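As stored in start.pdb (PDB, C-alpha atoms):
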```pdb
ATOM      1  CA  PRO R  10      -0.345  19.975  -4.769
ATOM      2  CA  ALA R  11      -3.779  18.944  -3.588
ATOM      3  CA  GLY R  12      -4.017  15.993  -1.234
ATOM      4  CA  LYS R  13      -1.743  15.024   1.603
ATOM      5  CA  VAL R  14       0.135  12.085   3.027
ATOM      6  CA  ASN R  15      -0.267  12.036   6.775
ATOM      7  CA  GLY R  16      -0.797   8.356   7.481
ATOM      8  CA  HIS R  17      -4.492   8.867   8.263
ATOM      9  CA  VAL R  18      -6.879   6.322   6.791
ATOM     10  CA  ASP R  19     -10.605   6.379   7.457
ATOM     11  CA  ILE R  20     -11.767   3.087   8.975
ATOM     12  CA  PRO R  21     -15.303   1.988   7.991
ATOM     13  CA  ASP R  22     -17.802   0.186  10.208
ATOM     14  CA  GLY R  23     -16.761  -3.444  10.593
ATOM     15  CA  GLY R  24     -18.739  -6.660  10.329
ATOM     16  CA  THR R  25     -18.657 -10.362  11.195
ATOM     17  CA  SER R  26     -19.954 -11.769   7.913
ATOM     18  CA  THR R  27     -18.767 -15.253   6.946
ATOM     19  CA  GLY R  28     -17.928 -13.869   3.517
ATOM     20  CA  LYS R  29     -19.533 -14.062   0.097
ATOM     21  CA  LEU R  30     -18.811 -15.856  -3.150
ATOM     22  CA  LEU R  31     -16.390 -13.920  -5.354
ATOM     23  CA  PRO R  32     -17.084 -14.494  -9.055
ATOM     24  CA  ARG R  33     -14.025 -14.751 -11.322
ATOM     25  CA  GLU R  34     -11.645 -14.464  -8.374
ATOM     26  CA  ARG R  35      -8.546 -15.274 -10.432
ATOM     27  CA  PHE R  36      -9.434 -12.593 -12.965
ATOM     28  CA  SER R  37      -9.833 -10.077 -10.121
ATOM     29  CA  TYR R  38      -6.316 -10.859  -8.897
ATOM     30  CA  TRP R  39      -4.990 -10.537 -12.448
ATOM     31  CA  CYS R  40      -6.474  -7.029 -12.626
ATOM     32  CA  PHE R  41      -4.963  -6.224  -9.219
ATOM     33  CA  ASP R  42      -1.559  -7.468 -10.422
ATOM     34  CA  LEU R  43      -1.876  -5.203 -13.445
ATOM     35  CA  LEU R  44      -2.538  -2.154 -11.260
ATOM     36  CA  PHE R  45       0.607  -2.829  -9.237
ATOM     37  CA  LEU R  46       2.653  -3.402 -12.396
ATOM     38  CA  ILE R  47       1.460  -0.174 -14.033
ATOM     39  CA  CYS R  48       2.422   1.839 -10.939
ATOM     40  CA  SER R  49       5.845   0.214 -10.482
ATOM     41  CA  ASP R  50       9.209   1.276 -11.904
ATOM     42  CA  VAL R  51      10.110  -2.246 -13.040
ATOM     43  CA  VAL R  52       9.968  -1.659 -16.806
ATOM     44  CA  ARG R  53      12.206   1.157 -18.073
ATOM     45  CA  GLU R  54      11.162   1.162 -21.730
ATOM     46  CA  HIS R  55       9.239   4.332 -22.736
ATOM     47  CA  GLU R  56       9.978   5.699 -19.268
ATOM     48  CA  GLU R  57       8.317   9.102 -19.644
ATOM     49  CA  LEU R  58       5.055   7.575 -20.832
ATOM     50  CA  ARG R  59       5.096   4.955 -18.071
ATOM     51  CA  LYS R  60       5.621   7.625 -15.417
ATOM     52  CA  ARG R  61       2.644   9.561 -16.718
ATOM     53  CA  VAL R  62       0.363   6.516 -16.758
ATOM     54  CA  ALA R  63       1.566   5.496 -13.277
ATOM     55  CA  ALA R  64       0.704   8.914 -11.833
ATOM     56  CA  LEU R  65      -2.798   8.683 -13.311
ATOM     57  CA  VAL R  66      -3.443   5.103 -12.166
ATOM     58  CA  LEU R  67      -1.875   5.307  -8.689
ATOM     59  CA  PRO R  68      -4.956   6.854  -6.981
ATOM     60  CA  SER R  69      -7.037   3.860  -8.133
ATOM     61  CA  LEU R  70      -4.481   1.433  -6.711
ATOM     62  CA  LEU R  71      -4.335   3.301  -3.393
ATOM     63  CA  SER R  72      -8.129   3.340  -3.198
ATOM     64  CA  ARG R  73      -8.302  -0.422  -3.773
ATOM     65  CA  CYS R  74      -5.598  -1.120  -1.183
ATOM     66  CA  HIS R  75      -7.318   1.231   1.261
ATOM     67  CA  SER R  76     -10.534  -0.756   0.942
ATOM     68  CA  VAL R  77      -8.800  -4.054   1.767
ATOM     69  CA  LEU R  78      -6.682  -2.765   4.676
ATOM     70  CA  ALA R  79      -9.320  -0.558   6.309
ATOM     71  CA  ASN R  80     -12.043  -3.202   6.063
ATOM     72  CA  TYR R  81      -9.756  -5.730   7.745
ATOM     73  CA  VAL R  82      -9.003  -3.379  10.648
ATOM     74  CA  ALA R  83     -12.701  -2.574  11.065
ATOM     75  CA  ASP R  84     -13.727  -6.242  10.985
ATOM     76  CA  ALA R  85     -10.907  -7.322  13.321
ATOM     77  CA  ARG R  86     -12.173  -4.976  16.023
ATOM     78  CA  LEU R  87     -15.498  -6.821  16.023
ATOM     79  CA  ARG R  88     -14.460 -10.382  15.238
ATOM     80  CA  GLY R  89     -11.953 -10.884  18.046
ATOM     81  CA  ASN R  90     -10.703 -14.473  17.651
ATOM     82  CA  LEU R  91     -13.429 -15.375  15.149
ATOM     83  CA  PRO R  92     -11.661 -16.597  11.971
ATOM     84  CA  PHE R  93     -11.817 -14.442   8.859
ATOM     85  CA  PRO R  94     -13.279 -15.748   5.592
ATOM     86  CA  ARG R  95     -10.644 -17.422   3.430
ATOM     87  CA  ALA R  96     -10.988 -14.900   0.599
ATOM     88  CA  GLN R  97     -10.543 -11.911   2.927
ATOM     89  CA  GLU R  98      -7.425 -13.403   4.545
ATOM     90  CA  GLU R  99      -5.822 -14.160   1.187
ATOM     91  CA  GLU R 100      -6.636 -10.714  -0.199
ATOM     92  CA  LEU R 101      -5.184  -8.972   2.863
ATOM     93  CA  ILE R 102      -1.919 -10.933   2.708
ATOM     94  CA  TYR R 103      -1.733 -10.378  -1.041
ATOM     95  CA  VAL R 104      -2.089  -6.593  -0.683
ATOM     96  CA  LEU R 105       0.483  -6.338   2.112
ATOM     97  CA  ARG R 106       3.011  -8.429   0.178
ATOM     98  CA  LYS R 107       2.523  -6.487  -3.046
ATOM     99  CA  MET R 108       2.819  -3.166  -1.214
ATOM    100  CA  LEU R 109       6.140  -4.288   0.268
ATOM    101  CA  GLU R 110       7.431  -5.350  -3.150
ATOM    102  CA  LEU R 111       6.233  -2.207  -4.938
ATOM    103  CA  ASN R 112       8.715   0.512  -5.857
ATOM    104  CA  LEU R 113       7.099   3.611  -7.329
ATOM    105  CA  TRP R 114       8.746   5.987  -9.756
ATOM    106  CA  ASN R 115      10.417   8.825  -7.870
ATOM    107  CA  GLY R 116       7.819  11.545  -7.343
ATOM    108  CA  SER R 117       4.958   9.388  -8.601
ATOM    109  CA  LEU R 118       2.745   9.911  -5.558
ATOM    110  CA  TRP R 119       3.573  13.635  -5.478
ATOM    111  CA  ALA R 120       2.379  13.905  -9.079
ATOM    112  CA  ALA R 121      -0.676  11.701  -8.464
ATOM    113  CA  LEU R 122      -1.868  13.939  -5.617
ATOM    114  CA  SER R 123      -1.213  17.157  -7.528
ATOM    115  CA  ALA R 124      -3.749  19.090  -9.591
ATOM    116  CA  GLN R 125      -1.812  18.175 -12.772
ATOM    117  CA  PRO R 126      -0.556  14.564 -12.560
ATOM    118  CA  SER R 127       0.524  14.388 -16.204
ATOM    119  CA  LYS R 128       2.553  17.593 -15.946
ATOM    120  CA  PHE R 129       4.491  16.541 -12.845
ATOM    121  CA  ALA R 130       4.832  12.800 -13.589
ATOM    122  CA  SER R 131       8.366  13.088 -14.984
ATOM    123  CA  ALA R 132       9.724  15.946 -12.881
ATOM    124  CA  GLN R 133       8.518  17.733  -9.776
ATOM    125  CA  PRO R 134       9.452  21.117  -8.304
ATOM    126  CA  ASP R 135      12.210  21.110  -5.697
ATOM    127  CA  VAL R 136      11.223  20.435  -2.097
ATOM    128  CA  GLU R 137       9.900  23.646  -0.573
ATOM    129  CA  LEU R 138      12.450  24.299   2.166
ATOM    130  CA  THR R 139      10.303  27.142   3.492
ATOM    131  CA  LEU R 140       7.749  24.615   4.720
ATOM    132  CA  LYS R 141       7.729  23.841   8.420
ATOM    133  CA  GLY R 142       7.783  20.560  10.327
ATOM    134  CA  ALA R 143       5.237  17.993   9.160
ATOM    135  CA  ALA R 144       4.509  19.864   5.924
ATOM    136  CA  LEU R 145       8.175  19.659   4.907
ATOM    137  CA  VAL R 146       8.351  15.951   5.745
ATOM    138  CA  ALA R 147       5.112  15.261   3.839
ATOM    139  CA  ASP R 148       6.384  17.074   0.747
ATOM    140  CA  ALA R 149       9.586  15.011   0.772
ATOM    141  CA  VAL R 150       7.750  11.763   1.546
ATOM    142  CA  ARG R 151       5.546  12.053  -1.532
ATOM    143  CA  ARG R 152       8.666  11.798  -3.716
ATOM    144  CA  SER R 153       9.896   8.481  -2.274
ATOM    145  CA  THR R 154       9.723   5.155  -4.099
ATOM    146  CA  LYS R 155       8.027   3.842  -0.926
ATOM    147  CA  ALA R 156       5.584   6.747  -0.617
ATOM    148  CA  HIS R 157       2.626   4.349  -0.768
ATOM    149  CA  LEU R 158       3.718   2.855   2.575
ATOM    150  CA  TYR R 159       3.815   6.304   4.183
ATOM    151  CA  HIS R 160       0.353   6.890   2.756
ATOM    152  CA  PHE R 161      -0.981   3.959   4.819
ATOM    153  CA  TYR R 162       1.178   4.513   7.900
ATOM    154  CA  GLY R 163      -1.782   4.777  10.272
ATOM    155  CA  VAL R 164      -3.547   1.604   9.159
ATOM    156  CA  LEU R 165      -0.227  -0.282   9.022
ATOM    157  CA  CYS R 166       0.320   0.614  12.681
ATOM    158  CA  GLU R 167      -3.142  -0.806  13.438
ATOM    159  CA  ILE R 168      -2.379  -4.047  11.589
ATOM    160  CA  ALA R 169       1.074  -4.417  13.162
ATOM    161  CA  SER R 170      -0.358  -4.102  16.669
ATOM    162  CA  MET R 171      -3.598  -6.081  16.309
ATOM    163  CA  PRO R 172      -4.102  -8.480  19.248
ATOM    164  CA  GLY R 173      -5.067 -12.097  18.774
ATOM    165  CA  TYR R 174      -4.144 -14.506  16.005
ATOM    166  CA  PRO R 175      -3.617 -12.583  12.734
ATOM    167  CA  PRO R 176      -4.751 -13.818   9.302
ATOM    168  CA  SER R 177      -2.023 -15.979   7.762
ATOM    169  CA  VAL R 178      -1.510 -17.661   4.391
ATOM    170  CA  TRP R 179       1.067 -20.064   2.986
ATOM    171  CA  VAL R 180       2.800 -18.395   0.033
ATOM    172  CA  GLU R 181       5.704 -19.254  -2.253
ATOM    173  CA  ASP R 182       9.054 -17.723  -1.383
ATOM    174  CA  GLY R 183      10.318 -16.298  -4.655
ATOM    175  CA  GLN R 184      13.984 -16.673  -3.665
ATOM    176  CA  GLN R 185      13.934 -20.119  -2.074
ATOM    177  CA  GLY R 186      11.096 -21.634  -4.103
ATOM    178  CA  THR R 187       9.523 -23.057  -0.934
ATOM    179  CA  ALA R 188       6.244 -22.380   0.847
ATOM    180  CA  VAL R 189       6.433 -20.027   3.837
ATOM    181  CA  LEU R 190       3.769 -18.853   6.264
ATOM    182  CA  ARG R 191       3.079 -15.107   6.156
ATOM    183  CA  ASP R 192       0.754 -13.360   8.586
ATOM    184  CA  ALA R 193      -0.732  -9.872   8.505
ATOM    185  CA  ARG R 194       0.939  -8.644  11.696
ATOM    186  CA  GLN R 195       4.383  -9.737  10.490
ATOM    187  CA  LEU R 196       3.901  -8.022   7.123
ATOM    188  CA  GLY R 197       2.566  -4.868   8.769
ATOM    189  CA  ARG R 198       5.666  -4.645  10.961
ATOM    190  CA  GLN R 199       7.896  -5.267   7.960
ATOM    191  CA  ALA R 200       6.210  -2.373   6.147
ATOM    192  CA  LEU R 201       6.846  -0.086   9.127
ATOM    193  CA  LYS R 202      10.520  -1.105   9.067
ATOM    194  CA  GLU R 203      10.668  -0.152   5.384
ATOM    195  CA  ILE R 204       9.306   3.273   6.277
ATOM    196  CA  GLY R 205      12.007   3.595   8.933
ATOM    197  CA  LYS R 206      14.729   2.706   6.434
ATOM    198  CA  GLU R 207      13.447   5.367   4.037
ATOM    199  CA  MET R 208      13.768   7.882   6.866
ATOM    200  CA  GLY R 209      17.353   6.793   7.520
ATOM    201  CA  VAL R 210      16.545   4.968  10.752
ATOM    202  CA  GLU R 211      18.801   1.983  11.456
ATOM    203  CA  ILE R 212      16.607  -1.063  12.044
TER
END
```
Could you write out this structure as structure tokens?
Amino acid sequence: PAGKVNGHVDIPDGGTSTGKLLPRERFSYWCFDLLFLICSDVVREHEELRKRVAALVLPSLLSRCHSVLANYVADARLRGNLPFPRAQEEELIYVLRKMLELNLWNGSLWAALSAQPSKFASAQPDVELTLKGAALVADAVRRSTKAHLYHFYGVLCEIASMPGYPPSVWVEDGQQGTAVLRDARQLGRQALKEIGKEMGVEI
């Protein structure tokens, strides 16, 4: 299929802006939540239809996540120890957390990057064993429920290794029901560990 997953993410020019007012911020997060929900395999009712919709919507979700992650990396290179705007910190932590929680339908990213997402949403051709090296790995990776993490491998490496004090936000722990501090570097490293587990690496 068209497109590829090689962990490369274009990083835009950064900035040191103090941020800008975000109108209807809660509504924006609600829309973001909806994108993640549509692309996830949480609801099994009408499975074939949900897989098709997920394959069509996934590129929009990846594009939105790309904007948040890449802009952070670009800004961090210029800001040094200068604090980030509150809204940017919260959005970054939100995206990293949601990406870690997200489980795609098997083959969803493969279908999304193909020329016919609707056709391949439910079933994909077998892995092409004639492919060599990286091409074979990429073809298999696109079928994983964690394929979105592979897709951002490069920028996750940047976030996990950023020097200085990373953006951090207090969030509710869904299991314990208590507030815990999450920072971008910690979440980036956790995402890389998830990639390792998918590859069969013992962490």
Practice task
Name the residues captured by the PyMOL selection byres ((chain R and resi 117-127) around 7) when it is applied to the shown file; answer as a list in words.
Solution key: Pro10, Ala11, Gly12, Arg61, Ala63, Ala64, Leu65, Leu67, Pro68, Leu113, Trp114, Asn115, Gly116, Lys128, Phe129, Ala130, Arg151, Arg152 and Ala156 of chain R
Write a file of the just-selected residues containing C-alpha atoms, as a PDB file, in the coordinates of the input.
```pdb
ATOM      1  CA  PRO R  10      -0.345  19.975  -4.769  1.00  0.00           C
ATOM      2  CA  ALA R  11      -3.779  18.944  -3.588  1.00  0.00           C
ATOM      3  CA  GLY R  12      -4.017  15.993  -1.234  1.00  0.00           C
ATOM      4  CA  ARG R  61       2.644   9.561 -16.718  1.00  0.00           C
ATOM      5  CA  ALA R  63       1.566   5.496 -13.277  1.00  0.00           C
ATOM      6  CA  ALA R  64       0.704   8.914 -11.833  1.00  0.00           C
ATOM      7  CA  LEU R  65      -2.798   8.683 -13.311  1.00  0.00           C
ATOM      8  CA  LEU R  67      -1.875   5.307  -8.689  1.00  0.00           C
ATOM      9  CA  PRO R  68      -4.956   6.854  -6.981  1.00  0.00           C
ATOM     10  CA  LEU R 113       7.099   3.611  -7.329  1.00  0.00           C
ATOM     11  CA  TRP R 114       8.746   5.987  -9.756  1.00  0.00           C
ATOM     12  CA  ASN R 115      10.417   8.825  -7.870  1.00  0.00           C
ATOM     13  CA  GLY R 116       7.819  11.545  -7.343  1.00  0.00           C
ATOM     14  CA  LYS R 128       2.553  17.593 -15.946  1.00  0.00           C
ATOM     15  CA  PHE R 129       4.491  16.541 -12.845  1.00  0.00           C
ATOM     16  CA  ALA R 130       4.832  12.800 -13.589  1.00  0.00           C
ATOM     17  CA  ARG R 151       5.546  12.053  -1.532  1.00  0.00           C
ATOM     18  CA  ARG R 152       8.666  11.798  -3.716  1.00  0.00           C
ATOM     19  CA  ALA R 156       5.584   6.747  -0.617  1.00  0.00           C
TER      20      ALA R 156
END
```
Problem - Residues in the PyMOL selection byres ((chain R and resi 97) around 10), expressed as a ChimeraX atom specification - result: /R:27-29,77,80-81,93-96,98-103,176
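Take CA of His160 (chain R) and CA of Val178 (chain R): the distance between them is 24.7 Å.
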Practice task
Determine the residue set returned by the PyMOL selection byres ((chain R and resi 149) around 10) for the present structure, and present it as a ChimeraX atom specification.
Solution key: /R:116,119,135-138,143-148,150-153,156
Practice task
Please measure the separation of CA of Leu158 (chain R) and CA of Thr139 (chain R), giving the value in Å to one decimal.
Solution key: 25.2 Å
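Shortest atom-to-atom contact with Leu165 (chain R) among R:Leu111, R:Val180, R:Lys141, R:His75: R:His75, counting all atoms listed in the file.
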For region 98-102 of chain R, take all atoms listed in the file, fit an axis-aligned box around them, add 5 Å to each of the six sides, then output centre and edge lengths in Å rounded to one decimal, as AutoDock Vina command-line options.
```
--center_x -4.7 --center_y -11.6 --center_z 2.2 --size_x 15.5 --size_y 15.2 --size_z 14.7
```
Problem - Gap from CA of Val164 (chain R) to CA of Ser177 (chain R) - Å, one decimal - result: 17.7 Å
